[in-house]
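Inspection log for the structure reproduced underneath, given as structure tokens.
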Amino acid sequence: MSGPNLLQMGVRMIQLFHVSRVFPGDYAALSDVSFAVSRGEFVFLTGPSGAGKTTLLRLMICADRPTQGQILVDGCNVSHLTRSSIPALRRKIGVVFQDFKLLPRATVSENVALALQVAGIHGYERERRVRRVLGQVGLEHRAAALPPQLSGGEQQRAVVARALVPDPLVLLADEPTGNLDPAMTIQIMDLLCAANARGVTVLVATHDPLLLSRYRKRVLHLDRGHLVKDTEAVSAPLRAAQA
Amino acid sequence: MVASGVYFFRSALEGLRRAPLLHLVSITAIAFALLLGGMARLASGAVDSLLLASRSQVELTLYLEPNVREDEAARIAQQLASLGTPARVVSPEAALRRLRLELGDLGKLLDDLPQNPLPPTIELELPGSMRGSAQLGELSKRAKALPGVAEVDDGGQAVAQLVRIGRALRFAAAAVFTVASLAAILIVAATLQLTIYARRQEIEIQKLVGATNYFVRAPFVIEGLIHGVIGASVASLGLASIARILAPRLASLASFVADPAATQALRSGRVIAELVAAGCLLGVLGSLAAVHRFLRT
């Protein structure tokens with residue numbers, strides 16, 4: 001089989017227990033959300049704008065803290081992490097940001113290398129891994145380019161490369177294809193699927209129904225902060241029929 | 001570790017390159033603080049060296065009655081020599097010649113005096129064993145009891161005054177340096193905060209991909225160190241210029257300013273090393289304050 005090893009399945013990589021996030025003014029971005037994602041699983045997180053997808057991803061990387069509930073990533077309760085422990089968690093998680101978050105004055109290669117630099121990986125090993133991942137995303141020839149010199153699709157691939165280069169356990173992608181044309185969308189999704197095939201647990205936030213119908217993956221539906229539906233992976237035609 | 005150091009150093013240089021004017025403000029503040037501190041330090045050092053010199057040349061001077069003849073003075077000197085202290089008679093004429101030499105150009109004024117006002121004196125060069133205040137006091141007392149001796153000067157007053165001046169200068173130096181240093185730290189922190197703010201997006205990205213506070217902090221600390229080293233270099237140049245240009249001009253006002261010991265420390269590099277160390281400390285403290293405040297928020 002080309003997917004993740006079946007032995008990995010069933011081991012919980014991400015677990016949320018009654019997670020809520022209420023912002024000042026009593027605005028509940030998330031309300032009592034609970035679910036679990038197994039190691040090596042590929043899951044879509046979907047819902048309309050403002051459903052709480054980005055908030056959920058931010059809680060997982062400790063960019064924000066839940067008002068209530070517990071979040072476990074690889075067995076580590078991130079809700080109670082001290083500030084000094086957050087970097088170690090983030091090195092286990094690759095993140096593809098909706099707004100790219102590339103350093104504009106650093107080359108593609110330097111941007112990708114940053115994820116290794118912060119982990120203390122230097123020299124030949126760093127160069128080797130950067131070259132390898134740039135090859136995987138098809139950006140070898142753009143290694144010396146600056147982000148403003150790249151197209152939207154190339155920038156997104158550079159972000160995917162940076163997220164994948166430290167060999168993360170989990171890959172979180174926030175609307176990774178939001179600004180891309182259909183051909184580029186498929187390229188990016190193929191990269192995420194390839195990472196998942198290598199055993200990386202992938203959680204993709206998207207509100208693109210075409211993406212959900214094309215890929216036969218589990219889907220978590222959020223609406224106004226509530227988890228309203230958890231659809232197991234089904235075949236594309238069946239999903240279309242359900243819709 | 002070395003590779004990280006290279007990365008941090010490159011980041012710091014990149015930071016300096018991006019906002020040179022801001023960094024110039026910070027460097028100027030450090031240089032100014034160090035210049036003030038260095039000047040105060042040199043002045044108190046000069047007083048210290050003068051004090052040291054005066055202590056190593058303790059002399060007892062006996063002023064004789066004006067009517068004491070030379071042979072009587074020689075007899076008194078012999079009596080004193082028997083106490084174990086070599087004594088030298090200085091006649092009023094010899095004393096006037098010496099004063100004329102010490103006054104330099106102003107010595108001509110002495111020619112207009114109707115008569116020599118200086119009394120004959122006996123100078124005692126004290127051996128090390130007799131320089132203690134107790135021995136000195138005892139010797140002064142015995143010398144004063146000798147017939148023909150009008151007054152005894154053991155130089156204690158002058159030394160005590162120098163000690164007081166030295167102490168006051170050291171306190172003033174510490175106070176000036178402390179105030180100037182605090183101001184420099186605040187200015188370094190404020191300017192670095194502006195550069196940190198300009199690079200907040202970069203820091204946010206670093207943190208999101210797993211950078212520790214140490215990783216974020218390191219380039220700014222190096223920037224602070226560079227500020228300190230450049231500021232100290234500027235202050236050293238300033239001090240050297242002051243020592244070279246100003247000292248000879250002030251020499252006629254206060255002889256200790258031109259004292260070679262004051263500028264010797266500068267030439268030996270000890271003061272420069274102290275300035276560099278102090279500059280690095282100011283730069284690092286300023287940068288740590290700035291980054292700490294940013295990371296806390």
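We name chains A, B, ... following the order of the structure tokens; residues begin at 1 in each chain, and ligands are numbered from 1 as shown.
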
| task | Could you list the residues in chain B lying within 7 Å of chain A, using only C-alpha atoms, and format the result as JSON, numbers by chain? | result | {"B": [3, 202, 205, 208, 209, 210, 211, 212, 215]}

Go ahead and write the residues just picked, all heavy atoms, as a PDB file, in the first residue's frame.
```
ATOM      1  N   ALA B   3      28.622  27.509  13.737  1.00  0.00           N
ATOM      2  CA  ALA B   3      27.732  27.856  12.625  1.00  0.00           C
ATOM      3  C   ALA B   3      26.628  28.787  13.100  1.00  0.00           C
ATOM      4  O   ALA B   3      26.261  29.739  12.420  1.00  0.00           O
ATOM      5  CB  ALA B   3      27.143  26.587  12.027  1.00  0.00           C
ATOM      6  N   GLU B 202       9.859  39.194  10.985  1.00  0.00           N
ATOM      7  CA  GLU B 202      10.917  38.182  10.900  1.00  0.00           C
ATOM      8  C   GLU B 202      10.991  37.378  12.205  1.00  0.00           C
ATOM      9  O   GLU B 202      11.103  36.143  12.183  1.00  0.00           O
ATOM     10  CB  GLU B 202      12.234  38.921  10.651  1.00  0.00           C
ATOM     11  CG  GLU B 202      13.421  38.036  10.434  1.00  0.00           C
ATOM     12  CD  GLU B 202      14.695  38.858  10.227  1.00  0.00           C
ATOM     13  OE1 GLU B 202      14.604  40.004   9.714  1.00  0.00           O
ATOM     14  OE2 GLU B 202      15.758  38.352  10.582  1.00  0.00           O
ATOM     15  N   ILE B 205       8.062  34.999  12.494  1.00  0.00           N
ATOM     16  CA  ILE B 205       8.246  33.805  11.664  1.00  0.00           C
ATOM     17  C   ILE B 205       9.244  32.851  12.323  1.00  0.00           C
ATOM     18  O   ILE B 205       9.017  31.633  12.382  1.00  0.00           O
ATOM     19  CB  ILE B 205       8.716  34.204  10.239  1.00  0.00           C
ATOM     20  CG1 ILE B 205       7.592  34.973   9.535  1.00  0.00           C
ATOM     21  CG2 ILE B 205       9.117  32.984   9.428  1.00  0.00           C
ATOM     22  CD1 ILE B 205       8.014  35.637   8.233  1.00  0.00           C
ATOM     23  N   LEU B 208       7.488  31.079  15.047  1.00  0.00           N
ATOM     24  CA  LEU B 208       6.498  30.107  14.577  1.00  0.00           C
ATOM     25  C   LEU B 208       7.134  28.825  14.057  1.00  0.00           C
ATOM     26  O   LEU B 208       6.514  27.770  14.060  1.00  0.00           O
ATOM     27  CB  LEU B 208       5.615  30.736  13.484  1.00  0.00           C
ATOM     28  CG  LEU B 208       4.564  31.720  13.984  1.00  0.00           C
ATOM     29  CD1 LEU B 208       3.876  32.416  12.831  1.00  0.00           C
ATOM     30  CD2 LEU B 208       3.534  31.024  14.876  1.00  0.00           C
ATOM     31  N   VAL B 209       8.375  28.927  13.571  1.00  0.00           N
ATOM     32  CA  VAL B 209       9.028  27.695  13.105  1.00  0.00           C
ATOM     33  C   VAL B 209       9.881  27.050  14.205  1.00  0.00           C
ATOM     34  O   VAL B 209      10.617  26.112  13.934  1.00  0.00           O
ATOM     35  CB  VAL B 209       9.862  27.909  11.813  1.00  0.00           C
ATOM     36  CG1 VAL B 209       8.988  28.366  10.679  1.00  0.00           C
ATOM     37  CG2 VAL B 209      11.014  28.871  12.046  1.00  0.00           C
ATOM     38  N   GLY B 210       9.762  27.574  15.423  1.00  0.00           N
ATOM     39  CA  GLY B 210      10.383  26.876  16.550  1.00  0.00           C
ATOM     40  C   GLY B 210      11.627  27.502  17.126  1.00  0.00           C
ATOM     41  O   GLY B 210      12.391  26.829  17.829  1.00  0.00           O
ATOM     42  N   ALA B 211      11.853  28.796  16.837  1.00  0.00           N
ATOM     43  CA  ALA B 211      13.045  29.448  17.399  1.00  0.00           C
ATOM     44  C   ALA B 211      12.852  29.687  18.897  1.00  0.00           C
ATOM     45  O   ALA B 211      11.764  30.068  19.336  1.00  0.00           O
ATOM     46  CB  ALA B 211      13.300  30.774  16.700  1.00  0.00           C
ATOM     47  N   THR B 212      13.910  29.476  19.640  1.00  0.00           N
ATOM     48  CA  THR B 212      13.868  29.770  21.077  1.00  0.00           C
ATOM     49  C   THR B 212      14.119  31.272  21.275  1.00  0.00           C
ATOM     50  O   THR B 212      14.565  31.961  20.350  1.00  0.00           O
ATOM     51  CB  THR B 212      14.985  29.007  21.817  1.00  0.00           C
ATOM     52  OG1 THR B 212      16.232  29.378  21.224  1.00  0.00           O
ATOM     53  CG2 THR B 212      14.808  27.510  21.716  1.00  0.00           C
ATOM     54  N   PHE B 215      17.603  32.139  20.459  1.00  0.00           N
ATOM     55  CA  PHE B 215      17.860  32.292  19.015  1.00  0.00           C
ATOM     56  C   PHE B 215      17.447  33.691  18.542  1.00  0.00           C
ATOM     57  O   PHE B 215      18.146  34.332  17.757  1.00  0.00           O
ATOM     58  CB  PHE B 215      17.062  31.228  18.257  1.00  0.00           C
ATOM     59  CG  PHE B 215      17.388  31.141  16.793  1.00  0.00           C
ATOM     60  CD1 PHE B 215      18.341  30.259  16.320  1.00  0.00           C
ATOM     61  CD2 PHE B 215      16.728  31.951  15.872  1.00  0.00           C
ATOM     62  CE1 PHE B 215      18.646  30.184  14.970  1.00  0.00           C
ATOM     63  CE2 PHE B 215      17.020  31.879  14.520  1.00  0.00           C
ATOM     64  CZ  PHE B 215      17.983  30.989  14.071  1.00  0.00           C
TER      65      PHE B 215
END
```

Strand (DSSP E) positions in stretch 11-204 of chain B, given as a tab-separated table (two decimals) with N, CA, C and O atoms, in the first residue's frame:
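Listing of out26.tsv after writing:
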```
chain	number	residue	atom	x	y	z
B	59	GLU	N	59.10	63.95	53.19
B	59	GLU	CA	60.21	64.78	53.68
B	59	GLU	C	59.73	65.57	54.89
B	59	GLU	O	58.57	65.97	54.95
B	60	LEU	N	60.66	65.80	55.80
B	60	LEU	CA	60.34	66.65	56.94
B	60	LEU	C	61.12	67.95	56.74
B	60	LEU	O	62.33	67.91	56.48
B	61	THR	N	60.42	69.06	56.76
B	61	THR	CA	61.11	70.34	56.57
B	61	THR	C	61.05	71.15	57.87
B	61	THR	O	59.97	71.35	58.42
B	62	LEU	N	62.24	71.56	58.32
B	62	LEU	CA	62.31	72.36	59.54
B	62	LEU	C	62.59	73.80	59.14
B	62	LEU	O	63.61	74.08	58.49
B	63	TYR	N	61.69	74.68	59.49
B	63	TYR	CA	61.90	76.10	59.24
B	63	TYR	C	62.57	76.70	60.49
B	63	TYR	O	62.01	76.59	61.58
B	64	LEU	N	63.76	77.27	60.29
B	64	LEU	CA	64.52	77.81	61.44
B	64	LEU	C	64.17	79.27	61.67
B	64	LEU	O	63.59	79.93	60.79
B	87	ALA	N	70.24	64.77	57.05
B	87	ALA	CA	69.67	66.13	57.03
B	87	ALA	C	70.50	67.03	56.12
B	87	ALA	O	71.71	66.85	56.00
B	88	ARG	N	69.81	67.96	55.46
B	88	ARG	CA	70.48	68.86	54.52
B	88	ARG	C	70.05	70.29	54.83
B	88	ARG	O	68.84	70.57	54.95
B	89	VAL	N	71.05	71.17	55.02
B	89	VAL	CA	70.74	72.57	55.31
B	89	VAL	C	70.52	73.30	53.99
B	89	VAL	O	71.29	73.15	53.04
B	90	VAL	N	69.41	74.04	53.93
B	90	VAL	CA	69.15	74.86	52.74
B	90	VAL	C	69.17	76.31	53.20
B	90	VAL	O	68.33	76.73	54.00
B	121	THR	N	66.35	76.61	56.16
B	121	THR	CA	65.58	75.38	56.45
B	121	THR	C	66.50	74.18	56.50
B	121	THR	O	67.62	74.20	55.97
B	122	ILE	N	65.99	73.13	57.13
B	122	ILE	CA	66.70	71.84	57.12
B	122	ILE	C	65.72	70.80	56.57
B	122	ILE	O	64.58	70.70	57.05
B	123	GLU	N	66.16	70.10	55.58
B	123	GLU	CA	65.29	69.07	54.97
B	123	GLU	C	65.78	67.69	55.38
B	123	GLU	O	66.96	67.38	55.25
B	124	LEU	N	64.83	66.89	55.86
B	124	LEU	CA	65.17	65.53	56.27
B	124	LEU	C	64.53	64.55	55.28
B	124	LEU	O	63.32	64.60	55.06
B	125	GLU	N	65.36	63.71	54.68
B	125	GLU	CA	64.80	62.66	53.81
B	125	GLU	C	64.60	61.43	54.67
B	125	GLU	O	65.57	60.88	55.19
B	149	VAL	N	64.53	76.08	66.04
B	149	VAL	CA	63.53	75.56	65.08
B	149	VAL	C	62.22	76.30	65.28
B	149	VAL	O	61.68	76.31	66.40
B	150	ALA	N	61.73	76.98	64.25
B	150	ALA	CA	60.48	77.76	64.37
B	150	ALA	C	59.25	76.90	64.05
B	150	ALA	O	58.22	76.99	64.71
B	151	GLU	N	59.38	76.09	63.01
B	151	GLU	CA	58.19	75.35	62.56
B	151	GLU	C	58.62	74.05	61.88
B	151	GLU	O	59.72	74.00	61.28
B	152	VAL	N	57.75	73.04	61.97
B	152	VAL	CA	58.07	71.76	61.31
B	152	VAL	C	56.92	71.40	60.38
B	152	VAL	O	55.76	71.44	60.78
B	153	ASP	N	57.26	71.08	59.13
B	153	ASP	CA	56.22	70.68	58.16
B	153	ASP	C	56.50	69.24	57.73
B	153	ASP	O	57.54	68.96	57.12
```

Original post:
Interatomic distance between atom CA of B:Lys207 and atom CA of B:Phe294?
Top reply: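 Value for the atom CA of B:Lys207-atom CA of B:Phe294 distance: 12.6 Å.
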
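Proximity of A:Tyr27, A:Thr67, A:Ser151, A:Val159 to A:Ala113, computed with only C-alpha atoms, is greatest for A:Val159.
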
| Residue among B:Leu110, B:Ala172, B:Ile226, B:Ala77 lying closest to B:Ala95, counting only C-alpha atoms |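 Of B:Leu110, B:Ala172, B:Ile226, B:Ala77, the one nearest B:Ala95, counting only C-alpha atoms, is B:Leu110.
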
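For the choices B:Val291, B:Leu281, B:Val234, B:Leu50, the atom-to-atom distance to B:Pro219 is smallest for B:Val291 when using only C-alpha atoms.
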
Atom pair atom CA of A:Thr54 + atom CA of A:Val96, distance 11.4 Å

- Query: Mind checking DSSP for stretch 17-106 of chain B and telling me the helix (DSSP H, G or I) residues as an MDAnalysis selection string?
  - Reply: chainID B and resid 17:18 20:56 70:81 92:106
